[in-house]
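Structure record follows, encoded as structure tokens.
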Amino acid sequence: MEEIKNKYSILGKRIPRVDAPLKVQGQAKYAADYEMAGMLWGKIKRAPYAHAIIKSIDTSKAEMLPGVKGIVTGKDFGGFKWGWQGYTRDETPLAVDRVKYMYEGVAAVAAIDKDIAEEACDLIDVEYEELPAVFDPFEAMKEGAPLLHPERKTNILVEYHWDFGNVDKAFDESYLVMEETFQTPKSAKGYLEPPSVLAWWEHDTLHYVGAKGSPYMIWRILGRAFDLPLSKVRVISPIIGCDFGGTKNDGHALDFSACLLAKKTGRPVKIVYSQWEELTTCLRRHSMAVRCKMGMTRDGYLTGLYTNCVADGGAYARMSVVSMYLANGFNTVPYKLENFRTDTWCVYTNNPIAAAMRGHGRYHTQYAMDGVMDMMAKKLGIDPLELRIKNSIPNPKPGETYYTVNQVRIGSCGVKECLEKSGELFGWDGYKKENKVDGPIARGAGVSASGFLSGARLTGHNSCSAVVRINEDGAVNVLTGATDVGMGSDTAMCMIAAEVLGLDMSDMEIKRVDTAYTYPDPGSYGSRVTIYAGEATMHAAEEAKQQILSAAAKEMDVAPDELDIKNRRIFMKSDETRFMPWLQAVRLACYQGNGNVIVGKGVSRRGVKPAVQAFEKGIGDTGTNYGFAAQINEVEVDLETGVARCTERSSMGDDCGFPLNPTIVETQGIGGSYHQGIACGLYEEFIMENGNTLNPNFVDYKRPRVYEAPFPKFHHAITQDPFGPYGVKECSEATTSTGAPAVISAIYDATGVMIKNMPATPEKIWRALKEKKAQENK
Amino acid sequence: MSNKLIDLKFKVNGKEVELKVNPKTLLLEVLREELKLTGTRQSCEVSACGACTVNIDGKAARACSILAVQLNGHEVVTIEGVADGKTLHPIQEKMVSHGAIECGWCTSGMVMSARALLLENLKPTRDDIKKALQGNLCADSGYVKYVEAIEMAAEVMQGNK
């Protein structure tokens with residue numbers, strides 16, 4: 001993991017994160033750490049049915065309880081509905097007349113302490129009439145199934161049918177065609193910080209401090225919910241303990257309830273979800289059945305692909321419209337593919353709501369495609385790594401562009417290098433010759449490669465603005481509307497500003513979003529932050545720099561373009577002995593200008609136009625650019641017990657264009673693969689029974705731990721993308737997508753068993769091994 | 001349950017603390033809500049994630065699953081008590097410089113588990129470190145750099161680097 005050599009003084013260096021010193025001392029303030037004088041504690045009253053009519057709600061007993069200061073129910077929101085887009089507004093803050101999933105919120109209480117709030121919830125009497133419910137998306141699609149949203153006449157939330165090239169002809173002409181169905185589990189987002197909010201009203205303005213990765217989403221939603229001009233909604237971001245899409249991206253019962261209770265009581269209201277509330281009622285990753293049909297030539301070249309996807313969307317739409325696009329939108333990367341067709345549905349059920357999650361959509365189809373690919377490679381007698389390398393999209397030459405059959409535009413593609421280097425770092429060739437069975441333990445290795453968009457522009461409004469402010473003492477404030485939820489973007493923004501200004505990281509300060517002062521930004525999703533906020537910050541720093549150079553030039557009696565800044569010196573490019581110290585130039589610039597401060601503003605120029613045909617027809621370029629990754633993992637399988645675990649032996653190649661900070665890229669890549677990828681390959685799964693989550697805690701819901709973690713050797717494929725600032729692209733959503741397939745493929749290598757309904761729990765592996773043995777003995 | 005308050009006297013980050021607490025109050029609640037030491041996180045509430053790890057008499061313990069009154073006469077160190085003034089502990093210093101930390105939510109617990117390990121064993125093997133961190137969940141960093149940072153910190157503390 002050597003230092004990456006480049007032309008920059010800050011960018012590309014292994015610079016410690018700006019937020020790490022505070023975090024490592026416990027000084028970083030998360031939403032639950034905030035409190036105010038007179039603050040009340042809120043709690044949500046929840047319904048014990050997955051589908052029921054609310055006949056009446058009686059809050060009188062609860063109101064009599066000493067210490068209770070306010071109660072609200074669904075009706076108090078005046079019929080307000082919200083959703084991702086106008087046409088998906090199907091959800092109310094609290095259920096009004098019908099609950100559609102287990103433990104949906106129906107009322108909320110504010111009281112002087114947590115215990116009283118909880119007791120008051122128990123005292124609220126709600127009369128329900130239970131309705132027939134549906135929990136399986138295939139059942140929900142059938143005629144006559146209980147309807148979640150009767151006004152829609154069907155439970156189908158969204159469907160897409162795309163067709164590129166001639167898939168049938170491709171299959172007819174293929175040497176080998178295979179079709180298999182793979183099922184992904186319902187899984188938690190996996191963040192450990194439960195959703196939390198503190199809300200209060202001050203000077204007619206709604207104030208909100210909450211754990212949101214996309215604070216401007218809740219800003220807009222709260223503006224509509226409370227009929228306020230956006231100038232009177234102030235959302236302030238604390239430090240966020242991860243997001244990964246979903247509840248901590250947009251909203252949930254606690255957000256609306258805290259605001260309304262605060263309005264009603266005139267006091268600040270804080271609500272912190274318990275982990276039980278998070279794991280039973282909050283947004284989770286879709287479960288998806290993917291039927292995947294693939295054709296290949298005798299030499300293992302891909303000829304055609306068909307996917308048939310059915311996903312469980314849960315009770316409300318949220319971002320499923322996007323999820324289903326993303327499930328298939330880049331099936332035409334990272335391999336050359338001319339013929340592709342898909343039929344895809346997402347269906348309402350009475351399960352908790354499904355939503356976006358790291359590796360959004362892509363992770364499902366990736367699993368199915370890699371599974372089929374491995375089975376075909378075995379049949380054809382081709383090494384699975386070699387098969388992937390030979391099908392890889394080549395890296396376009398500078399100035400050239402590769403278009404997929406569905407018009408995804410690729411300016412750089414390092415997938416081949418990622419695969420080759422992963423193979424080298426892992427020792428793939430030698431591995432085949434090793435003895436891999438030792439008593440009951442069989443070892444095996446698996447590979448996967450993927451591509452994922454960065455700088456999502458699925459709708460409009462994706463641009464981002466930044467401000468770089470230089471104070472009279474030379475210290476710099478960087479401000480953007482972007483939110484670092486853990487991925488390191490605050491550090492990236494400071495690095496970009498320091499690079500442009502020729503300063504040190506110690507000169508930089510970045511503050512969190514405060515919608516009263518920062519510029520709107522769509523949020524931290526779609527791997528968009530570094531692409532858009534990075535470009536905006538670069539422009540803002542350049543504009544501020546020009547103001548400094550102009551002031552210095554006047555004093556030095558030269559033209560501004562004769563000057564540059566390096567190491568806190570404004571120097572003449574033709575004669576570096578002529579310079580002015582940074583502080584002197586700053587003071588000149590500040591005191592000559594207006595307001596004793598230098599402000600540079602920048603806007604990202606990309607992402608303004610959405611790819612309009614994308615959803616309906618699957619055509620178009622919905623990213624600004626595309627990141628690629630490959631990984632190889634080794635697993636050990638105990639053939640007697642079925643227990644599979646990763647060994648430390650692992651390798652990873654990541655093409656994020658240019659790693660602005662290689663350390664951050666590595667941690668992102670490795671972590672994204674393990675926590676949101678491999679976790680679902682081996683461990684994570686909500687066990688459901690009639691809409692009830694049976695394992696809503698981190699004892700029964702198995703999460704990946706340190707002693708099972710792979711320690712990947714890491715390769716940076718530097719492709720310098722033409723469309724990203726400084727050549728950058730996403731990092732970690734592609735590695736998230738490849739995590740699970742690589743371990744499933746490794747189990748296949750070790751045992752010959754393909755697990756088609758991950759996670760590959762010991763029981764599933766044990767049963768599959770037993771079945772295989774029975775087949776072989778026939 | 002009786003709400004009679006009970007006297008509690010214990011040491012937190014080197015200072016004697018005396019309070020009256022409800023017998024059902026958890027150590028985590030006393031730290032966060034009474035003493036305003038919010039660096040210890042409330043997270044899984046069932047001793048499964050380790051984000052609330054503190055050191056009690058030098059051993060790693062989960063503040064979410066221990067009653068405050070059990071601490072009478074004991075010494076608690078929280079994340080706020082690890083650094084020496086402005087000087088980071090080697091565990092903290094290496095976690096920062098090695099890039100182990102992402103969102104930071106699990107970090108307090110990681111530091112406290114590592115601190116307890118190195119108090120007992122200054123020359124831990126990688127397996128010892130994994131064992132010490134087995135009760136600490138992380139959601140984003142992949143653990144790799146936490147383990148490596150603790151290995152580096154142990155070297156520093158042995159005087160090797």
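Residues in the structure tokens are named by chain (A, B, ... in the order shown) and by number from 1 within that chain; ligands are numbered from 1 in the order shown.
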**Report entry** Distance query Thr480 in chain A at most 7 Å, only C-alpha atoms, self and fewer than 2 positions along chain excluded, as a ChimeraX atom specification
**Finding:** /A:465-467,478,482,518-519,533
For the selection you just gave me, I'd like the residues written to a file as a PDB file, in the first residue's frame, keeping N, CA, C and O atoms.
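Result saved to selection.pdb:
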ATOM      1  N   SER A 465     -23.241  23.220  -4.346  1.00  0.00           N
ATOM      2  CA  SER A 465     -22.465  24.453  -4.236  1.00  0.00           C
ATOM      3  C   SER A 465     -21.540  24.381  -3.036  1.00  0.00           C
ATOM      4  O   SER A 465     -21.787  23.622  -2.102  1.00  0.00           O
ATOM      5  N   ALA A 466     -20.504  25.182  -3.079  1.00  0.00           N
ATOM      6  CA  ALA A 466     -19.574  25.234  -1.949  1.00  0.00           C
ATOM      7  C   ALA A 466     -19.113  26.672  -1.754  1.00  0.00           C
ATOM      8  O   ALA A 466     -19.132  27.484  -2.680  1.00  0.00           O
ATOM      9  N   VAL A 467     -18.732  26.944  -0.527  1.00  0.00           N
ATOM     10  CA  VAL A 467     -18.169  28.248  -0.191  1.00  0.00           C
ATOM     11  C   VAL A 467     -16.819  28.009   0.469  1.00  0.00           C
ATOM     12  O   VAL A 467     -16.696  27.139   1.335  1.00  0.00           O
ATOM     13  N   VAL A 478     -14.327  25.835   5.021  1.00  0.00           N
ATOM     14  CA  VAL A 478     -14.927  25.197   3.846  1.00  0.00           C
ATOM     15  C   VAL A 478     -16.369  24.871   4.222  1.00  0.00           C
ATOM     16  O   VAL A 478     -16.625  24.310   5.282  1.00  0.00           O
ATOM     17  N   ALA A 482     -22.907  19.174   1.537  1.00  0.00           N
ATOM     18  CA  ALA A 482     -22.710  17.718   1.588  1.00  0.00           C
ATOM     19  C   ALA A 482     -22.506  17.265   3.022  1.00  0.00           C
ATOM     20  O   ALA A 482     -22.073  18.031   3.870  1.00  0.00           O
ATOM     21  N   THR A 518     -25.708  26.900   4.918  1.00  0.00           N
ATOM     22  CA  THR A 518     -25.056  26.189   3.818  1.00  0.00           C
ATOM     23  C   THR A 518     -26.006  26.103   2.626  1.00  0.00           C
ATOM     24  O   THR A 518     -27.205  26.325   2.754  1.00  0.00           O
ATOM     25  N   TYR A 519     -25.442  25.773   1.460  1.00  0.00           N
ATOM     26  CA  TYR A 519     -26.249  25.675   0.250  1.00  0.00           C
ATOM     27  C   TYR A 519     -26.885  24.297   0.134  1.00  0.00           C
ATOM     28  O   TYR A 519     -26.285  23.305   0.544  1.00  0.00           O
ATOM     29  N   ALA A 533     -19.735  17.697  -4.748  1.00  0.00           N
ATOM     30  CA  ALA A 533     -19.239  18.652  -3.751  1.00  0.00           C
ATOM     31  C   ALA A 533     -17.750  18.900  -3.975  1.00  0.00           C
ATOM     32  O   ALA A 533     -17.252  20.002  -3.750  1.00  0.00           O
TER      33      ALA A 533
END
Enumerate as a short mmCIF file (atom, residue, chain, number, x, y, z; two decimals) with all heavy atoms, in the first residue's frame all residues of chain B assigned to alpha helix (DSSP H) by DSSP on the backbone, naming them with the chain letters and numbers the document uses.
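See states.cif below for the written result:
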data_model
loop_
_atom_site.label_atom_id
_atom_site.label_comp_id
_atom_site.auth_asym_id
_atom_site.auth_seq_id
_atom_site.Cartn_x
_atom_site.Cartn_y
_atom_site.Cartn_z
N LEU B 27 -25.31 2.01 34.28
CA LEU B 27 -24.08 2.81 34.27
C LEU B 27 -24.06 3.74 33.06
O LEU B 27 -23.67 4.90 33.14
CB LEU B 27 -22.85 1.88 34.24
CG LEU B 27 -21.50 2.56 34.02
CD1 LEU B 27 -21.20 3.56 35.13
CD2 LEU B 27 -20.38 1.52 33.92
N LEU B 28 -24.51 3.22 31.93
CA LEU B 28 -24.52 4.02 30.69
C LEU B 28 -25.34 5.30 30.87
O LEU B 28 -24.93 6.38 30.43
CB LEU B 28 -25.10 3.18 29.54
CG LEU B 28 -25.19 3.84 28.18
CD1 LEU B 28 -23.81 4.23 27.67
CD2 LEU B 28 -25.87 2.92 27.17
N GLU B 29 -26.47 5.18 31.53
CA GLU B 29 -27.33 6.36 31.74
C GLU B 29 -26.66 7.35 32.68
O GLU B 29 -26.74 8.56 32.47
CB GLU B 29 -28.69 5.93 32.30
CG GLU B 29 -29.50 5.13 31.31
CD GLU B 29 -30.74 4.50 31.93
OE1 GLU B 29 -30.65 3.84 32.98
OE2 GLU B 29 -31.83 4.68 31.35
N PRO B 90 -1.33 6.16 22.63
CA PRO B 90 -0.85 5.52 21.38
C PRO B 90 -1.94 4.77 20.62
O PRO B 90 -1.94 4.76 19.38
CB PRO B 90 0.23 4.55 21.88
CG PRO B 90 0.72 5.14 23.16
CD PRO B 90 -0.46 5.84 23.77
N ILE B 91 -2.89 4.18 21.33
CA ILE B 91 -3.99 3.49 20.64
C ILE B 91 -4.77 4.50 19.80
O ILE B 91 -5.08 4.27 18.64
CB ILE B 91 -4.96 2.82 21.65
CG1 ILE B 91 -4.25 1.70 22.42
CG2 ILE B 91 -6.19 2.28 20.95
CD1 ILE B 91 -5.05 1.20 23.63
N GLN B 92 -5.05 5.64 20.41
CA GLN B 92 -5.81 6.68 19.70
C GLN B 92 -5.00 7.25 18.54
O GLN B 92 -5.51 7.45 17.44
CB GLN B 92 -6.18 7.81 20.67
CG GLN B 92 -7.13 7.37 21.79
CD GLN B 92 -7.33 8.45 22.83
OE1 GLN B 92 -6.36 8.99 23.35
NE2 GLN B 92 -8.57 8.76 23.15
N GLU B 93 -3.75 7.51 18.83
CA GLU B 93 -2.87 8.11 17.83
C GLU B 93 -2.78 7.22 16.59
O GLU B 93 -2.89 7.69 15.46
CB GLU B 93 -1.49 8.34 18.47
CG GLU B 93 -0.65 9.41 17.82
CD GLU B 93 0.17 8.85 16.66
OE1 GLU B 93 0.74 7.76 16.86
OE2 GLU B 93 0.23 9.48 15.60
N LYS B 94 -2.61 5.92 16.82
CA LYS B 94 -2.48 5.00 15.68
C LYS B 94 -3.81 4.80 14.95
O LYS B 94 -3.83 4.63 13.74
CB LYS B 94 -1.91 3.66 16.16
CG LYS B 94 -0.45 3.74 16.58
CD LYS B 94 0.44 4.16 15.41
CE LYS B 94 1.87 4.39 15.84
NZ LYS B 94 2.69 4.99 14.76
N MET B 95 -4.90 4.80 15.69
CA MET B 95 -6.20 4.69 15.00
C MET B 95 -6.43 5.88 14.07
O MET B 95 -6.99 5.75 12.99
CB MET B 95 -7.34 4.58 16.01
CG MET B 95 -7.46 3.21 16.65
SD MET B 95 -8.87 3.11 17.77
CE MET B 95 -8.63 1.46 18.44
N VAL B 96 -5.97 7.06 14.50
CA VAL B 96 -6.11 8.26 13.66
C VAL B 96 -5.17 8.17 12.46
O VAL B 96 -5.58 8.30 11.31
CB VAL B 96 -5.82 9.55 14.47
CG1 VAL B 96 -5.76 10.76 13.54
CG2 VAL B 96 -6.89 9.76 15.54
N SER B 97 -3.90 7.90 12.73
CA SER B 97 -2.92 7.98 11.63
C SER B 97 -3.05 6.83 10.65
O SER B 97 -2.73 6.96 9.48
CB SER B 97 -1.49 8.04 12.20
OG SER B 97 -1.20 6.83 12.88
N THR B 107 -15.93 3.77 17.70
CA THR B 107 -14.53 4.04 18.04
C THR B 107 -14.27 4.07 19.54
O THR B 107 -13.28 3.50 20.01
CB THR B 107 -14.08 5.37 17.39
OG1 THR B 107 -14.33 5.28 15.98
CG2 THR B 107 -12.61 5.63 17.62
N SER B 108 -15.16 4.72 20.30
CA SER B 108 -14.95 4.78 21.75
C SER B 108 -14.80 3.37 22.31
O SER B 108 -13.90 3.08 23.11
CB SER B 108 -16.14 5.46 22.44
OG SER B 108 -16.34 6.74 21.93
N GLY B 109 -15.70 2.49 21.90
CA GLY B 109 -15.67 1.12 22.40
C GLY B 109 -14.43 0.37 21.95
O GLY B 109 -13.85 -0.41 22.70
N MET B 110 -14.01 0.62 20.71
CA MET B 110 -12.81 -0.03 20.20
C MET B 110 -11.58 0.39 21.04
O MET B 110 -10.75 -0.44 21.40
CB MET B 110 -12.56 0.38 18.73
CG MET B 110 -13.56 -0.18 17.75
SD MET B 110 -13.25 -1.92 17.42
CE MET B 110 -14.53 -2.24 16.19
N VAL B 111 -11.51 1.68 21.31
CA VAL B 111 -10.38 2.18 22.10
C VAL B 111 -10.40 1.54 23.48
O VAL B 111 -9.36 1.09 24.00
CB VAL B 111 -10.43 3.72 22.22
CG1 VAL B 111 -9.38 4.23 23.21
CG2 VAL B 111 -10.24 4.39 20.86
N MET B 112 -11.57 1.47 24.10
CA MET B 112 -11.65 0.96 25.47
C MET B 112 -11.35 -0.53 25.55
O MET B 112 -10.72 -1.01 26.50
CB MET B 112 -13.02 1.27 26.08
CG MET B 112 -13.37 2.75 26.19
SD MET B 112 -12.04 3.84 26.76
CE MET B 112 -11.84 3.31 28.45
N SER B 113 -11.78 -1.28 24.54
CA SER B 113 -11.45 -2.72 24.51
C SER B 113 -9.95 -2.90 24.32
O SER B 113 -9.33 -3.75 24.96
CB SER B 113 -12.21 -3.42 23.39
OG SER B 113 -13.58 -3.50 23.70
N ALA B 114 -9.39 -2.09 23.44
CA ALA B 114 -7.95 -2.19 23.17
C ALA B 114 -7.13 -1.77 24.40
O ALA B 114 -6.12 -2.38 24.73
CB ALA B 114 -7.58 -1.31 21.97
N ARG B 115 -7.61 -0.73 25.07
CA ARG B 115 -6.90 -0.25 26.26
C ARG B 115 -6.86 -1.35 27.33
O ARG B 115 -5.81 -1.61 27.93
CB ARG B 115 -7.59 1.01 26.81
CG ARG B 115 -6.92 1.62 28.03
CD ARG B 115 -7.66 2.88 28.47
NE ARG B 115 -7.04 3.50 29.63
CZ ARG B 115 -7.32 3.20 30.89
NH1 ARG B 115 -8.22 2.26 31.15
NH2 ARG B 115 -6.71 3.82 31.87
N ALA B 116 -7.99 -1.99 27.56
CA ALA B 116 -8.04 -3.07 28.56
C ALA B 116 -7.09 -4.20 28.17
O ALA B 116 -6.38 -4.75 29.02
CB ALA B 116 -9.46 -3.58 28.70
N LEU B 117 -7.05 -4.52 26.89
CA LEU B 117 -6.15 -5.58 26.42
C LEU B 117 -4.70 -5.23 26.71
O LEU B 117 -3.94 -6.03 27.26
CB LEU B 117 -6.34 -5.81 24.91
CG LEU B 117 -5.27 -6.66 24.21
CD1 LEU B 117 -5.42 -8.13 24.63
CD2 LEU B 117 -5.34 -6.54 22.70
N LEU B 118 -4.32 -4.00 26.32
CA LEU B 118 -2.90 -3.63 26.45
C LEU B 118 -2.50 -3.37 27.90
O LEU B 118 -1.31 -3.43 28.22
CB LEU B 118 -2.59 -2.42 25.56
CG LEU B 118 -2.75 -2.66 24.04
CD1 LEU B 118 -2.36 -1.44 23.25
CD2 LEU B 118 -1.99 -3.88 23.56
N LEU B 119 -3.46 -3.09 28.77
CA LEU B 119 -3.13 -3.00 30.20
C LEU B 119 -2.71 -4.36 30.72
O LEU B 119 -1.86 -4.48 31.59
CB LEU B 119 -4.36 -2.52 30.99
CG LEU B 119 -4.67 -1.02 30.98
CD1 LEU B 119 -5.99 -0.76 31.71
CD2 LEU B 119 -3.53 -0.23 31.63
N GLU B 120 -3.29 -5.39 30.15
CA GLU B 120 -3.05 -6.74 30.64
C GLU B 120 -1.91 -7.41 29.88
O GLU B 120 -1.17 -8.22 30.43
CB GLU B 120 -4.35 -7.54 30.46
CG GLU B 120 -4.39 -8.85 31.20
CD GLU B 120 -5.74 -9.53 30.98
OE1 GLU B 120 -6.71 -9.10 31.63
OE2 GLU B 120 -5.82 -10.45 30.16
N ARG B 126 -2.00 -11.14 17.00
CA ARG B 126 -3.17 -10.67 16.25
C ARG B 126 -4.43 -11.37 16.77
O ARG B 126 -5.50 -10.76 16.87
CB ARG B 126 -2.97 -10.92 14.76
CG ARG B 126 -4.14 -10.42 13.94
CD ARG B 126 -3.85 -10.42 12.47
NE ARG B 126 -3.08 -9.25 12.07
CZ ARG B 126 -2.85 -8.92 10.81
NH1 ARG B 126 -3.34 -9.65 9.83
NH2 ARG B 126 -2.14 -7.85 10.51
N ASP B 127 -4.30 -12.64 17.11
CA ASP B 127 -5.47 -13.36 17.64
C ASP B 127 -5.92 -12.79 18.99
O ASP B 127 -7.12 -12.74 19.27
CB ASP B 127 -5.17 -14.86 17.77
CG ASP B 127 -5.32 -15.56 16.43
OD1 ASP B 127 -5.91 -14.95 15.51
OD2 ASP B 127 -4.85 -16.70 16.29
N ASP B 128 -4.94 -12.39 19.81
CA ASP B 128 -5.32 -11.75 21.09
C ASP B 128 -6.14 -10.49 20.82
O ASP B 128 -7.11 -10.20 21.52
CB ASP B 128 -4.06 -11.35 21.90
CG ASP B 128 -3.27 -12.56 22.40
OD1 ASP B 128 -3.88 -13.63 22.58
OD2 ASP B 128 -2.05 -12.41 22.60
N ILE B 129 -5.70 -9.73 19.83
CA ILE B 129 -6.41 -8.47 19.51
C ILE B 129 -7.81 -8.78 19.01
O ILE B 129 -8.79 -8.16 19.43
CB ILE B 129 -5.61 -7.64 18.48
CG1 ILE B 129 -4.28 -7.18 19.09
CG2 ILE B 129 -6.43 -6.44 18.00
CD1 ILE B 129 -3.32 -6.55 18.11
N LYS B 130 -7.91 -9.77 18.14
CA LYS B 130 -9.24 -10.12 17.62
C LYS B 130 -10.15 -10.58 18.76
O LYS B 130 -11.34 -10.27 18.77
CB LYS B 130 -9.11 -11.23 16.57
CG LYS B 130 -8.51 -10.75 15.26
CD LYS B 130 -8.48 -11.88 14.26
CE LYS B 130 -7.85 -11.44 12.94
NZ LYS B 130 -7.79 -12.55 11.98
N LYS B 131 -9.57 -11.31 19.70
CA LYS B 131 -10.36 -11.79 20.83
C LYS B 131 -10.84 -10.60 21.68
O LYS B 131 -12.00 -10.55 22.11
CB LYS B 131 -9.51 -12.74 21.68
CG LYS B 131 -10.32 -13.74 22.46
CD LYS B 131 -9.42 -14.75 23.14
CE LYS B 131 -10.20 -15.46 24.24
NZ LYS B 131 -9.33 -16.22 25.14
N ALA B 132 -9.95 -9.63 21.86
CA ALA B 132 -10.32 -8.46 22.67
C ALA B 132 -11.40 -7.62 21.99
O ALA B 132 -12.19 -6.97 22.66
CB ALA B 132 -9.08 -7.60 22.93
N VAL B 144 -10.09 -4.16 9.73
CA VAL B 144 -8.70 -4.43 9.39
C VAL B 144 -7.78 -3.38 9.98
O VAL B 144 -6.79 -3.70 10.65
CB VAL B 144 -8.54 -4.47 7.85
CG1 VAL B 144 -7.08 -4.58 7.47
CG2 VAL B 144 -9.35 -5.62 7.27
N LYS B 145 -8.12 -2.12 9.78
CA LYS B 145 -7.22 -1.05 10.22
C LYS B 145 -7.28 -0.84 11.73
O LYS B 145 -6.31 -0.36 12.31
CB LYS B 145 -7.50 0.23 9.45
CG LYS B 145 -7.15 0.00 7.96
CD LYS B 145 -6.90 1.22 7.16
CE LYS B 145 -6.60 0.81 5.72
NZ LYS B 145 -5.61 1.63 5.09
N TYR B 146 -8.38 -1.20 12.35
CA TYR B 146 -8.42 -1.16 13.83
C TYR B 146 -7.41 -2.17 14.39
O TYR B 146 -6.64 -1.85 15.30
CB TYR B 146 -9.82 -1.49 14.36
CG TYR B 146 -10.75 -0.29 14.43
CD1 TYR B 146 -11.91 -0.24 13.68
CD2 TYR B 146 -10.45 0.79 15.26
CE1 TYR B 146 -12.77 0.85 13.75
CE2 TYR B 146 -11.30 1.88 15.34
CZ TYR B 146 -12.46 1.92 14.58
OH TYR B 146 -13.30 3.00 14.64
N VAL B 147 -7.43 -3.38 13.86
CA VAL B 147 -6.52 -4.42 14.35
C VAL B 147 -5.07 -3.98 14.12
O VAL B 147 -4.23 -4.06 15.03
CB VAL B 147 -6.81 -5.77 13.65
CG1 VAL B 147 -5.74 -6.80 14.01
CG2 VAL B 147 -8.20 -6.28 14.03
N GLU B 148 -4.80 -3.50 12.92
CA GLU B 148 -3.42 -3.08 12.61
C GLU B 148 -2.99 -1.90 13.47
O GLU B 148 -1.83 -1.83 13.91
CB GLU B 148 -3.31 -2.74 11.12
CG GLU B 148 -3.42 -3.97 10.22
CD GLU B 148 -3.57 -3.65 8.73
OE1 GLU B 148 -3.82 -2.48 8.37
OE2 GLU B 148 -3.47 -4.60 7.92
N ALA B 149 -3.91 -0.98 13.74
CA ALA B 149 -3.57 0.18 14.57
C ALA B 149 -3.21 -0.26 15.99
O ALA B 149 -2.30 0.29 16.61
CB ALA B 149 -4.74 1.18 14.60
N ILE B 150 -3.93 -1.24 16.50
CA ILE B 150 -3.64 -1.72 17.86
C ILE B 150 -2.29 -2.45 17.88
O ILE B 150 -1.52 -2.31 18.83
CB ILE B 150 -4.80 -2.61 18.38
CG1 ILE B 150 -6.07 -1.76 18.50
CG2 ILE B 150 -4.45 -3.25 19.72
CD1 ILE B 150 -7.36 -2.55 18.64
N GLU B 151 -2.01 -3.18 16.82
CA GLU B 151 -0.68 -3.80 16.71
C GLU B 151 0.41 -2.73 16.75
O GLU B 151 1.43 -2.87 17.43
CB GLU B 151 -0.57 -4.61 15.41
CG GLU B 151 -1.38 -5.90 15.41
CD GLU B 151 -1.41 -6.63 14.07
OE1 GLU B 151 -1.15 -6.00 13.01
OE2 GLU B 151 -1.72 -7.83 14.07
N MET B 152 0.19 -1.66 16.03
CA MET B 152 1.18 -0.56 16.00
C MET B 152 1.29 0.11 17.36
O MET B 152 2.39 0.45 17.81
CB MET B 152 0.76 0.49 14.96
CG MET B 152 0.83 0.00 13.53
SD MET B 152 0.12 1.29 12.46
CE MET B 152 0.15 0.44 10.91
N ALA B 153 0.15 0.32 18.02
CA ALA B 153 0.17 0.97 19.34
C ALA B 153 0.94 0.11 20.34
O ALA B 153 1.69 0.64 21.17
CB ALA B 153 -1.27 1.21 19.81
N ALA B 154 0.75 -1.20 20.26
CA ALA B 154 1.46 -2.10 21.18
C ALA B 154 2.97 -1.96 20.99
O ALA B 154 3.74 -1.93 21.96
CB ALA B 154 1.00 -3.54 20.96
N GLU B 155 3.38 -1.85 19.73
CA GLU B 155 4.81 -1.66 19.43
C GLU B 155 5.31 -0.36 20.09
O GLU B 155 6.38 -0.34 20.69
CB GLU B 155 5.02 -1.58 17.91
CG GLU B 155 4.83 -2.89 17.17
CD GLU B 155 6.02 -3.83 17.36
OE1 GLU B 155 7.15 -3.33 17.54
OE2 GLU B 155 5.79 -5.06 17.35
N VAL B 156 4.52 0.70 19.92
CA VAL B 156 4.91 1.99 20.50
C VAL B 156 5.02 1.87 22.02
O VAL B 156 6.00 2.32 22.63
CB VAL B 156 3.89 3.09 20.14
CG1 VAL B 156 4.17 4.37 20.91
CG2 VAL B 156 3.90 3.35 18.64
N MET B 157 4.06 1.22 22.61
CA MET B 157 4.03 1.12 24.08
C MET B 157 5.13 0.22 24.63
O MET B 157 5.56 0.36 25.76
CB MET B 157 2.65 0.66 24.55
CG MET B 157 1.59 1.73 24.32
SD MET B 157 -0.09 1.11 24.46
CE MET B 157 -0.21 0.93 26.24
#
**Report entry** Contact residues (chain B, partner chain A, 6 Å, only C-alpha atoms) as a PyMOL selection string
**Finding:** chain B and resi 38-39+43-44+48+79-80+92+96-97+102-105+108+130+134+139-144
Query raised in the report: Which value, in Å to one decimal, gives the distance between CA of Pro398 in chain A and CA of Phe628 in chain A?
Result: 17.4 Å
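Look at range 22-25 of chain B: the protein and nucleic acid residues within 10 Å of it, using only C-alpha atoms and passing over chain neighbours fewer than 4 places away, are Met1, Ser2, Asn3, Lys4, Leu5, Ile6, Asp7, Leu8, Glu29, Val30, Cys64, Ile66, Leu67, Ala68, Val69 and Gln70 of chain B.
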